[in-house]
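J.: One file: run.cif (mmCIF, C-alpha atoms).
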```
data_query
loop_
_atom_site.label_atom_id
_atom_site.label_comp_id
_atom_site.auth_asym_id
_atom_site.auth_seq_id
_atom_site.Cartn_x
_atom_site.Cartn_y
_atom_site.Cartn_z
CA MET A 21 0.21 29.81 6.46
CA THR A 22 2.00 31.11 3.38
CA PRO A 23 2.55 28.75 0.40
CA ALA A 24 6.27 28.55 1.27
CA ASN A 25 5.45 27.56 4.84
CA GLU A 26 2.94 24.98 3.63
CA THR A 27 5.52 23.32 1.38
CA ASP A 28 8.10 23.29 4.17
CA ILE A 29 5.64 21.81 6.66
CA VAL A 30 4.55 19.03 4.31
CA ARG A 31 8.19 18.19 3.59
CA GLN A 32 9.12 18.11 7.29
CA LEU A 33 6.31 15.78 8.29
CA ALA A 34 6.77 13.58 5.23
CA ASP A 35 10.50 13.30 6.02
CA ALA A 36 9.74 12.42 9.65
CA TYR A 37 7.28 9.76 8.50
CA GLN A 38 9.81 8.22 6.11
CA GLN A 39 12.48 8.14 8.82
CA LEU A 40 10.10 6.54 11.31
CA THR A 41 8.90 3.84 8.93
CA GLY A 42 12.47 3.18 7.83
CA GLN A 43 13.58 2.58 11.41
CA ILE A 44 10.53 0.44 12.23
CA SER A 45 11.10 -1.76 9.17
CA LYS A 46 14.50 -2.75 10.59
CA VAL A 47 12.62 -4.71 13.27
CA ILE A 48 9.03 -5.21 12.06
CA VAL A 49 8.49 -7.12 8.81
CA GLY A 50 5.50 -5.95 6.78
CA GLN A 51 2.46 -4.57 8.65
CA SER A 52 2.78 -1.29 6.71
CA GLU A 53 -0.90 -0.43 7.16
CA VAL A 54 -0.67 -1.06 10.91
CA VAL A 55 2.42 1.16 11.17
CA GLU A 56 0.79 3.94 9.15
CA GLN A 57 -2.36 3.89 11.31
CA LEU A 58 -0.32 3.91 14.51
CA LEU A 59 1.72 6.93 13.36
CA MET A 60 -1.43 8.73 12.16
CA ALA A 61 -2.89 8.36 15.64
CA LEU A 62 0.36 9.57 17.22
CA PHE A 63 0.39 12.74 15.10
CA SER A 64 -3.35 13.25 15.81
CA ARG A 65 -2.96 13.00 19.63
CA GLY A 66 -5.06 9.85 19.63
CA HIS A 67 -4.77 6.53 21.46
CA CYS A 68 -4.81 3.09 19.81
CA LEU A 69 -6.20 -0.34 20.59
CA LEU A 70 -4.24 -3.09 18.80
CA VAL A 71 -6.22 -6.31 18.35
CA GLY A 72 -4.62 -9.51 17.13
CA VAL A 73 -3.87 -13.09 18.07
CA PRO A 74 -0.70 -13.81 20.09
CA GLY A 75 2.64 -13.83 18.30
CA LEU A 76 1.99 -11.07 15.76
CA ALA A 77 4.56 -8.65 17.25
CA LYS A 78 2.08 -6.17 18.72
CA THR A 79 4.22 -5.62 21.81
CA LEU A 80 7.42 -5.59 19.74
CA LEU A 81 5.95 -2.93 17.45
CA VAL A 82 5.11 -0.65 20.37
CA SER A 83 8.49 -1.10 22.04
CA THR A 84 10.23 -0.43 18.70
CA VAL A 85 8.30 2.83 18.25
CA SER A 86 9.28 3.85 21.78
CA ARG A 87 12.97 3.27 20.94
CA ILE A 88 12.94 5.48 17.84
CA LEU A 89 11.09 8.28 19.61
CA ASP A 90 13.03 10.05 22.32
CA LEU A 91 10.19 9.58 24.81
CA SER A 92 9.76 7.97 28.21
CA PHE A 93 8.09 4.57 27.93
CA LYS A 94 6.35 2.25 30.41
CA ARG A 95 4.80 -1.15 29.87
CA ILE A 96 1.92 -2.18 32.13
CA GLN A 97 0.98 -5.86 32.13
CA PHE A 98 -2.73 -5.98 32.92
CA THR A 99 -3.72 -8.83 35.23
CA PRO A 100 -6.90 -9.65 37.21
CA ASP A 101 -5.33 -8.43 40.48
CA LEU A 102 -4.10 -5.07 39.13
CA MET A 103 -5.55 -2.16 41.10
CA PRO A 104 -6.13 1.45 39.90
CA ALA A 105 -3.40 2.78 42.22
CA ASP A 106 -0.94 0.35 40.61
CA ILE A 107 -1.36 2.41 37.42
CA THR A 108 -1.94 5.97 38.58
CA GLY A 109 0.11 6.02 41.80
CA THR A 110 -0.82 6.63 45.42
CA ASP A 111 -0.06 8.74 48.49
CA ILE A 112 2.40 7.10 50.89
CA LEU A 113 3.37 8.13 54.42
CA ARG A 114 7.03 9.07 54.57
CA ASP A 115 9.31 10.04 57.48
CA ASP A 116 10.94 13.48 57.31
CA PRO A 117 14.45 13.17 58.87
CA ALA A 118 14.75 16.96 59.19
CA THR A 119 11.66 17.44 61.36
CA GLY A 120 11.14 13.95 62.71
CA GLY A 121 7.54 14.10 61.53
CA ARG A 122 5.64 12.30 58.84
CA HIS A 123 3.84 13.55 55.75
CA PHE A 124 2.15 12.13 52.70
CA VAL A 125 4.08 12.01 49.42
CA PHE A 126 2.55 11.08 46.08
CA LEU A 127 4.38 8.14 44.51
CA LYS A 128 3.79 8.31 40.76
CA GLY A 129 2.63 5.19 38.98
CA PRO A 130 3.74 3.92 35.55
CA ILE A 131 1.08 6.08 33.83
CA PHE A 132 3.53 9.00 34.17
CA ALA A 133 5.33 8.43 30.88
CA ASN A 134 4.99 9.78 27.34
CA MET A 135 4.16 6.40 25.85
CA ILE A 136 2.23 3.68 27.67
CA LEU A 137 1.82 0.08 26.54
CA ALA A 138 -1.28 -1.36 28.23
CA ASP A 139 -0.67 -5.04 27.51
CA GLU A 140 -3.80 -7.24 27.41
CA ILE A 141 -6.06 -4.49 28.74
CA ASN A 142 -9.07 -6.85 28.79
CA ARG A 143 -7.47 -9.03 31.49
CA THR A 144 -8.07 -6.52 34.30
CA PRO A 145 -11.40 -5.61 35.98
CA PRO A 146 -13.47 -2.60 34.82
CA LYS A 147 -12.46 -0.43 37.79
CA THR A 148 -8.80 -0.61 36.81
CA GLN A 149 -9.58 -0.19 33.11
CA ALA A 150 -11.54 2.95 33.99
CA ALA A 151 -8.58 4.44 35.85
CA LEU A 152 -6.42 4.18 32.73
CA LEU A 153 -9.14 5.42 30.40
CA GLU A 154 -9.85 8.44 32.60
CA ALA A 155 -6.16 9.40 32.48
CA MET A 156 -6.25 8.96 28.69
CA GLN A 157 -9.15 11.38 28.40
CA GLU A 158 -8.12 14.01 30.95
CA HIS A 159 -4.30 13.78 30.64
CA HIS A 160 -4.01 14.08 34.42
CA VAL A 161 -4.34 11.99 37.59
CA THR A 162 -6.05 13.09 40.79
CA ALA A 163 -4.99 11.68 44.17
CA GLY A 164 -5.75 13.00 47.64
CA GLY A 165 -7.48 16.04 46.15
CA THR A 166 -4.40 17.05 44.15
CA THR A 167 -4.24 16.94 40.34
CA TYR A 168 -1.01 15.78 38.72
CA PRO A 169 -0.59 16.49 34.97
CA LEU A 170 0.72 13.72 32.76
CA PRO A 171 3.76 14.39 30.55
CA GLU A 172 3.14 15.60 27.00
CA PRO A 173 2.95 14.15 24.45
CA PHE A 174 0.91 11.36 26.03
CA PHE A 175 0.07 8.30 23.95
CA VAL A 176 -1.53 5.00 25.05
CA LEU A 177 -1.30 1.81 23.03
CA ALA A 178 -3.42 -1.02 24.41
CA THR A 179 -3.30 -4.60 23.16
CA GLN A 180 -6.09 -7.14 23.22
CA ASN A 181 -6.33 -10.80 22.27
CA PRO A 182 -9.58 -11.40 20.32
CA ILE A 183 -9.76 -15.19 20.62
CA GLU A 184 -9.05 -16.01 24.27
CA GLN A 185 -12.06 -14.70 26.22
CA GLU A 186 -11.94 -16.88 29.36
CA GLY A 187 -11.08 -14.75 32.39
CA THR A 188 -11.31 -11.46 30.49
CA TYR A 189 -13.28 -8.26 31.00
CA PRO A 190 -14.26 -6.85 27.58
CA LEU A 191 -14.13 -3.07 27.37
CA PRO A 192 -17.60 -1.46 27.34
CA GLU A 193 -18.55 0.55 24.26
CA ALA A 194 -18.30 3.86 26.15
CA GLN A 195 -14.70 3.07 27.09
CA LEU A 196 -13.80 1.76 23.63
CA ASP A 197 -14.91 5.15 22.32
CA ARG A 198 -11.87 6.75 24.03
CA PHE A 199 -9.57 5.04 21.52
CA MET A 200 -9.11 6.90 18.25
CA PHE A 201 -8.29 3.73 16.28
CA GLU A 202 -8.87 0.04 16.72
CA ILE A 203 -6.06 -1.42 14.64
CA ARG A 204 -6.41 -5.02 13.48
CA VAL A 205 -3.07 -6.82 13.32
CA GLY A 206 -3.32 -9.71 10.87
CA TYR A 207 -1.11 -12.62 9.86
CA PRO A 208 1.92 -11.82 7.68
CA ALA A 209 2.19 -12.84 4.03
CA ARG A 210 4.22 -15.97 3.19
CA ASP A 211 7.36 -14.09 2.10
CA GLU A 212 7.11 -11.85 5.16
CA GLU A 213 6.87 -14.89 7.42
CA ILE A 214 10.01 -16.35 5.85
CA GLU A 215 11.83 -13.04 6.45
CA ILE A 216 10.64 -13.07 10.09
CA MET A 217 12.18 -16.52 10.51
CA ARG A 218 15.48 -15.36 9.02
CA ARG A 219 15.71 -12.31 11.27
CA THR A 220 14.62 -13.86 14.54
CA THR A 221 16.65 -17.07 14.37
CA SER A 222 20.04 -15.45 13.71
CA THR A 223 22.46 -13.43 15.81
CA ALA A 224 21.81 -10.18 13.92
CA ARG A 225 20.42 -7.28 15.97
CA ALA A 226 18.91 -4.14 14.47
CA MET A 227 20.55 -0.86 15.42
CA LEU A 228 17.87 1.80 15.88
CA SER A 229 18.27 5.58 16.02
CA ALA A 230 15.97 8.09 17.69
CA VAL A 231 14.14 10.15 15.06
CA LEU A 232 11.88 12.56 16.98
CA ASP A 233 11.73 13.96 20.51
CA GLY A 234 8.73 15.14 22.52
CA THR A 235 9.04 18.80 21.52
CA ARG A 236 9.16 17.95 17.83
CA ILE A 237 6.18 15.59 18.11
CA LEU A 238 4.11 18.32 19.78
CA GLN A 239 5.02 20.68 16.92
CA LEU A 240 4.01 18.12 14.30
CA GLN A 241 0.73 17.47 16.13
CA GLU A 242 -0.05 21.18 15.77
CA VAL A 243 0.84 21.00 12.07
CA VAL A 244 -1.68 18.21 11.51
CA ARG A 245 -4.47 20.35 12.96
CA GLN A 246 -3.68 23.10 10.46
CA VAL A 247 -4.55 20.88 7.48
CA VAL A 248 -7.47 22.36 5.51
CA VAL A 249 -10.82 20.55 5.35
CA ALA A 250 -13.40 21.67 2.80
CA ASP A 251 -17.08 21.93 3.66
CA HIS A 252 -18.02 19.02 1.38
CA VAL A 253 -15.63 16.73 3.32
CA PHE A 254 -17.21 17.74 6.62
CA GLY A 255 -20.59 16.96 5.06
CA TYR A 256 -19.39 13.56 3.83
CA VAL A 257 -18.12 12.64 7.30
CA ALA A 258 -21.45 13.65 8.86
CA ASP A 259 -23.38 11.58 6.29
CA LEU A 260 -21.14 8.54 6.82
CA VAL A 261 -21.38 8.59 10.63
CA ARG A 262 -25.10 9.36 10.72
CA ALA A 263 -25.71 6.43 8.38
CA THR A 264 -24.43 4.07 11.12
CA ARG A 265 -27.36 4.99 13.40
CA PRO A 266 -30.26 2.58 12.83
CA ARG A 267 -32.94 5.04 13.98
CA GLU A 268 -31.71 7.89 11.79
CA PRO A 269 -34.14 8.71 8.93
CA GLY A 270 -33.00 7.73 5.46
CA VAL A 271 -30.23 5.30 6.43
CA PRO A 272 -29.46 2.39 4.07
CA ALA A 273 -31.95 -0.47 4.46
CA PHE A 274 -29.36 -2.91 5.79
CA VAL A 275 -28.35 -0.69 8.74
CA PRO A 276 -31.35 -1.35 11.09
CA GLU A 277 -31.03 -5.05 10.33
CA LEU A 278 -27.31 -5.29 11.14
CA LEU A 279 -26.64 -2.50 13.68
CA GLY A 280 -28.22 -2.05 17.08
CA TRP A 281 -26.27 1.12 17.81
CA GLY A 282 -24.20 3.52 15.75
CA ALA A 283 -21.24 5.84 16.21
CA GLY A 284 -21.38 9.15 18.08
CA PRO A 285 -19.90 12.60 17.42
CA ARG A 286 -16.43 11.54 18.58
CA ALA A 287 -16.26 9.32 15.50
CA CYS A 288 -16.73 12.43 13.32
CA GLN A 289 -13.91 14.20 15.14
CA TYR A 290 -11.52 11.27 14.76
CA LEU A 291 -12.42 10.77 11.08
CA ILE A 292 -11.45 14.38 10.40
CA LEU A 293 -8.24 14.20 12.47
CA GLY A 294 -7.28 10.86 10.92
CA GLY A 295 -7.98 12.29 7.47
CA LYS A 296 -5.77 15.29 8.23
CA ALA A 297 -2.91 13.07 9.40
CA ARG A 298 -3.19 10.80 6.36
CA ALA A 299 -3.33 13.74 3.97
CA ILE A 300 -0.16 15.34 5.28
CA LEU A 301 1.70 12.02 5.46
CA HIS A 302 0.85 11.62 1.77
CA GLY A 303 2.19 15.09 0.95
CA ARG A 304 -1.04 17.11 0.92
CA LEU A 305 -2.36 19.99 3.02
CA HIS A 306 -6.01 19.28 2.22
CA VAL A 307 -8.25 16.33 3.09
CA THR A 308 -10.17 14.33 0.49
CA THR A 309 -12.97 11.81 0.89
CA GLU A 310 -10.40 9.15 -0.04
CA ASP A 311 -8.55 9.99 3.19
CA ILE A 312 -11.82 9.65 5.13
CA ARG A 313 -12.61 6.30 3.52
CA ALA A 314 -9.12 5.03 4.35
CA VAL A 315 -9.41 5.82 8.06
CA ALA A 316 -13.08 4.81 8.39
CA PRO A 317 -12.45 1.14 9.37
CA PRO A 318 -10.06 1.80 12.31
CA VAL A 319 -12.20 4.73 13.51
CA LEU A 320 -15.62 3.07 13.25
CA ARG A 321 -15.14 -0.67 13.79
CA HIS A 322 -15.15 -0.47 17.63
CA ARG A 323 -17.93 2.12 17.76
CA LEU A 324 -20.62 0.03 16.07
CA VAL A 325 -22.78 -2.48 17.95
CA THR A 326 -24.03 -5.31 15.77
CA THR A 327 -27.41 -7.01 16.15
CA PHE A 328 -27.98 -10.67 16.98
CA HIS A 329 -28.89 -11.25 13.33
CA ALA A 330 -25.55 -9.84 12.17
CA ASP A 331 -23.66 -11.94 14.72
CA ALA A 332 -25.54 -15.09 13.69
CA GLU A 333 -24.72 -14.45 10.03
CA GLY A 334 -21.06 -13.75 10.77
CA VAL A 335 -21.31 -10.14 9.59
CA THR A 336 -18.56 -8.05 11.17
CA THR A 337 -18.39 -4.30 11.63
CA ASP A 338 -15.72 -4.19 8.90
CA HIS A 339 -18.22 -5.73 6.45
CA ILE A 340 -20.81 -3.14 7.44
CA ILE A 341 -18.34 -0.25 7.09
CA ALA A 342 -17.41 -1.43 3.58
CA ARG A 343 -21.10 -1.51 2.62
CA LEU A 344 -21.65 1.96 4.09
CA ILE A 345 -18.73 3.39 2.12
CA ASP A 346 -20.28 1.99 -1.07
CA ALA A 347 -23.75 3.25 -0.10
CA ILE A 348 -22.90 6.86 0.85
CA PRO A 349 -22.54 8.93 -2.34
CA LEU A 350 -19.52 11.15 -2.87
CA PRO A 351 -20.12 14.89 -2.49
CA GLN A 352 -20.93 16.59 -5.80
CA GLU A 353 -17.68 18.59 -5.72
CA GLU A 354 -15.47 15.53 -5.47
CA ALA A 355 -17.54 13.40 -7.85
CA ALA A 356 -17.24 16.15 -10.48
CA ALA A 357 -13.48 16.37 -9.93
CA ARG A 358 -13.12 12.61 -10.47
CA VAL A 359 -15.07 12.84 -13.72
CA ARG A 360 -12.79 15.64 -14.93
CA ARG A 361 -9.68 13.59 -14.08
CA ALA A 362 -11.08 10.59 -15.96
#
```
Before we go any further, please render this structure as structure tokens.
T.:
Amino acid sequence: MTPANETDIVRQLADAYQQLTGQISKVIVGQSEVVEQLLMALFSRGHCLLVGVPGLAKTLLVSTVSRILDLSFKRIQFTPDLMPADITGTDILRDDPATGGRHFVFLKGPIFANMILADEINRTPPKTQAALLEAMQEHHVTAGGTTYPLPEPFFVLATQNPIEQEGTYPLPEAQLDRFMFEIRVGYPARDEEIEIMRRTTSTARAMLSAVLDGTRILQLQEVVRQVVVADHVFGYVADLVRATRPREPGVPAFVPELLGWGAGPRACQYLILGGKARAILHGRLHVTTEDIRAVAPPVLRHRLVTTFHADAEGVTTDHIIARLIDAIPLPQEEAAARVRRA
């Protein structure tokens, strides 16, 4: 890319980001970090798992994003009796009036949309969860020996309630790994909660406008992948992820005590992609270790398996990630640059 093209690309994506967040803020109060992480995943071609207690507008956030993007949208309510074919679709026998015969026709399921909301994904059995997660990975569905491609862009947002575990089927670690981010949705601040009350107890209704269509989103996803990553940033990501593995030589002393299993190579890939998306949303065409540190919690928190000792002490994966970020030294290039700026 030429310098002129670089400047134009940064401006375009930054403008799109500002328009998207402006439209979302008409409906969603606060949650700026959640919104930023969701949009970073969208521009990185990643899927998200939103975790939070009921009533924090997780479903409203997803439906709002679907309204401001000119994309097809389907909501799937996951229940214990939901079957894989209820998501992916199935072959049905249909009469042909012209010939008088019968033939099988594939009836597409709700997975055939650009944006999917998998509501309470942990309420359905593993077989059905696996059907969704396979489609997420492969971007196609196979039925009766025929492969049917899913529409592009394809983006899955799953929600999960962390406190109500009775009658649920927690996602295994291998399936959690398919999600780029696990986004924690927390309680609003006091002034935000007051604003929520004002908006939701009146007759006012937000008027939303579509900002991007599928073609434009695909173009912006390509732009994100063109962001430059220096060798020292690749090295920092490798050091950070390898430090999560308790059997890796030279890891911080607290890691074997608190982690039974660490993150795999997919975490490295998503840290780089998340860093690229964050960099360009902040007006840069190069990734820094600050970008990597910012996306480390949503990328790593669902890829780390804590030990019994950590669980007994109430140590969460977020606590461990914060300690790892403090423990892994900055690359010499970036440390020197910070000293020069100081």
J.: My list of candidates is A:Leu81, A:Leu279, A:Leu113, A:Leu152. Which is closest to Ile131 (chain A) when distances are computed with all atoms listed in the file?
T.: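 Among A:Leu81, A:Leu279, A:Leu113, A:Leu152, it is A:Leu152 that comes nearest to Ile131 (chain A).
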J.: Mind checking which residues fall within 10 Å of Glu53 (chain A), counting only C-alpha atoms, ignoring those fewer than 4 positions away in the same chain, and posting them as a list in words?
T.: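 Surrounding residues, per the criterion: Gln57, Leu58, Leu59, Ile203, Arg204 and Val205 of chain A.
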J.: Find the residues around Gln241 (chain A) up to 9 Å (all atoms listed in the file counted), leave out those fewer than 4 positions away in its own chain, and share them as a CSV table (one decimal) with C-alpha atoms, in the coordinates of the input.
T.:
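This is the output file result35.csv:
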```csv
chain,number,residue,atom,x,y,z
A,62,LEU,CA,0.4,9.6,17.2
A,63,PHE,CA,0.4,12.7,15.1
A,64,SER,CA,-3.4,13.2,15.8
A,65,ARG,CA,-3.0,13.0,19.6
A,236,ARG,CA,9.2,18.0,17.8
A,237,ILE,CA,6.2,15.6,18.1
A,245,ARG,CA,-4.5,20.4,13.0
A,297,ALA,CA,-2.9,13.1,9.4
```
J.: Which residues are close to Ala163 (chain A), i.e. within 12 Å by all atoms listed in the file, leaving aside same-chain residues fewer than 5 positions away? Reply as a PyMOL selection string.
T.: chain A and resi 104-105+108-112+124-129+151+155+168-169
J.: Restricting it to C-alpha atoms, dump the selection as a PDB file, keeping the file's coordinate frame.
T.:
```
ATOM      1  CA  PRO A 104      -6.130   1.450  39.900  1.00  0.00           C
ATOM      2  CA  ALA A 105      -3.400   2.780  42.220  1.00  0.00           C
ATOM      3  CA  THR A 108      -1.940   5.970  38.580  1.00  0.00           C
ATOM      4  CA  GLY A 109       0.110   6.020  41.800  1.00  0.00           C
ATOM      5  CA  THR A 110      -0.820   6.630  45.420  1.00  0.00           C
ATOM      6  CA  ASP A 111      -0.060   8.740  48.490  1.00  0.00           C
ATOM      7  CA  ILE A 112       2.400   7.100  50.890  1.00  0.00           C
ATOM      8  CA  PHE A 124       2.150  12.130  52.700  1.00  0.00           C
ATOM      9  CA  VAL A 125       4.080  12.010  49.420  1.00  0.00           C
ATOM     10  CA  PHE A 126       2.550  11.080  46.080  1.00  0.00           C
ATOM     11  CA  LEU A 127       4.380   8.140  44.510  1.00  0.00           C
ATOM     12  CA  LYS A 128       3.790   8.310  40.760  1.00  0.00           C
ATOM     13  CA  GLY A 129       2.630   5.190  38.980  1.00  0.00           C
ATOM     14  CA  ALA A 151      -8.580   4.440  35.850  1.00  0.00           C
ATOM     15  CA  ALA A 155      -6.160   9.400  32.480  1.00  0.00           C
ATOM     16  CA  TYR A 168      -1.010  15.780  38.720  1.00  0.00           C
ATOM     17  CA  PRO A 169      -0.590  16.490  34.970  1.00  0.00           C
TER      18      PRO A 169
END
```
J.: Excluding Met60 (chain A) and any residue of its chain fewer than 2 positions from it, enumerate the residues within 12 Å of it, using all atoms listed in the file, and give them as a ChimeraX atom specification.
T.: /A:33-34,37,40-41,53-58,62-68,175,200-201,203,237,240-241,244,290-302,311,314-315,318-319
J.: Just to be explicit: take each residue in the selection above, keep C-alpha atoms, and write the result as a compact mmCIF listing (two decimals), in the frame of the given file.
T.:
```txt
# COMPACT_ATOMS: atom_id res chain seq x y z
CA LEU A 33 6.31 15.78 8.29
CA ALA A 34 6.77 13.58 5.23
CA TYR A 37 7.28 9.76 8.50
CA LEU A 40 10.10 6.54 11.31
CA THR A 41 8.90 3.84 8.93
CA GLU A 53 -0.90 -0.43 7.16
CA VAL A 54 -0.67 -1.06 10.91
CA VAL A 55 2.42 1.16 11.17
CA GLU A 56 0.79 3.94 9.15
CA GLN A 57 -2.36 3.89 11.31
CA LEU A 58 -0.32 3.91 14.51
CA LEU A 62 0.36 9.57 17.22
CA PHE A 63 0.39 12.74 15.10
CA SER A 64 -3.35 13.25 15.81
CA ARG A 65 -2.96 13.00 19.63
CA GLY A 66 -5.06 9.85 19.63
CA HIS A 67 -4.77 6.53 21.46
CA CYS A 68 -4.81 3.09 19.81
CA PHE A 175 0.07 8.30 23.95
CA MET A 200 -9.11 6.90 18.25
CA PHE A 201 -8.29 3.73 16.28
CA ILE A 203 -6.06 -1.42 14.64
CA ILE A 237 6.18 15.59 18.11
CA LEU A 240 4.01 18.12 14.30
CA GLN A 241 0.73 17.47 16.13
CA VAL A 244 -1.68 18.21 11.51
CA TYR A 290 -11.52 11.27 14.76
CA LEU A 291 -12.42 10.77 11.08
CA ILE A 292 -11.45 14.38 10.40
CA LEU A 293 -8.24 14.20 12.47
CA GLY A 294 -7.28 10.86 10.92
CA GLY A 295 -7.98 12.29 7.47
CA LYS A 296 -5.77 15.29 8.23
CA ALA A 297 -2.91 13.07 9.40
CA ARG A 298 -3.19 10.80 6.36
CA ALA A 299 -3.33 13.74 3.97
CA ILE A 300 -0.16 15.34 5.28
CA LEU A 301 1.70 12.02 5.46
CA HIS A 302 0.85 11.62 1.77
CA ASP A 311 -8.55 9.99 3.19
CA ALA A 314 -9.12 5.03 4.35
CA VAL A 315 -9.41 5.82 8.06
CA PRO A 318 -10.06 1.80 12.31
CA VAL A 319 -12.20 4.73 13.51
```
J.: From the list A:Ala332, A:Ala178, A:Leu344, A:Ala138, which residue is nearest Val271 (chain A) when using all atoms listed in the file?
T.: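 Looking at the shortest contact to Val271 (chain A), the residue is A:Leu344.
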J.: Quick one: residues within 9 Å of Gly234 (chain A), all atoms listed in the file, excluding same-chain residues fewer than 4 positions away - as a ChimeraX atom specification?
T.: /A:89-91,134,172-173,238-239
J.: What is the CA of Leu153 (chain A) to CA of Leu137 (chain A) distance in Å?
T.: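 Distance reported for this atom pair: 12.8 Å.
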J.: Kindly indicate which residue among A:Val176, A:Asp197, A:Met156, A:Asp116 lies nearest to Lys94 (chain A), using all atoms listed in the file for the distances.
T.: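 Of A:Val176, A:Asp197, A:Met156, A:Asp116, the one nearest Lys94 (chain A), counting all atoms listed in the file, is A:Val176.
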J.: Could you state the separation of CA of Lys147 (chain A) and CA of Thr337 (chain A) in Å, given to one decimal place?
T.: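 According to the coordinates, CA of Lys147 (chain A) and CA of Thr337 (chain A) are separated by 27.1 Å.
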J.: Kindly indicate which residue among A:Gln38, A:Gln195, A:Thr119, A:Gln352 lies nearest to Gln157 (chain A), using all atoms listed in the file for the distances.
T.: A:Gln195
J.: Emit as JSON the padded axis-aligned box for all listed atoms of region 131-145 of chain A, 3 Å per side, with centre and edge lengths in Å to one decimal.
T.:
```
{"center_x": -3.0, "center_y": 0.4, "center_z": 30.9, "size_x": 22.7, "size_y": 24.8, "size_z": 16.1}
```
J.: Please return, as a list of chain:residue names, all polymer residues that have at least one atom within 6 Å of the point (-24.9, 1.0, 10.2); use only C-alpha atoms and the file's own coordinate frame.
T.: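 Result, sorted by chain then residue number: A:Ala263, A:Thr264, A:Arg265, A:Val275, A:Leu279.
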J.: Name the residues that the PyMOL selection byres ((chain A and resi 72) around 6) pulls out of this structure, and write them as a ChimeraX atom specification.
T.: /A:71,73,181,205
J.: I need the chosen residues saved as a short mmCIF file (atom, residue, chain, number, x, y, z; two decimals), keeping the file's coordinate frame, with C-alpha atoms.
T.:
```cif
data_model
loop_
_atom_site.label_atom_id
_atom_site.label_comp_id
_atom_site.auth_asym_id
_atom_site.auth_seq_id
_atom_site.Cartn_x
_atom_site.Cartn_y
_atom_site.Cartn_z
CA VAL A 71 -6.22 -6.31 18.35
CA VAL A 73 -3.87 -13.09 18.07
CA ASN A 181 -6.33 -10.80 22.27
CA VAL A 205 -3.07 -6.82 13.32
#
```
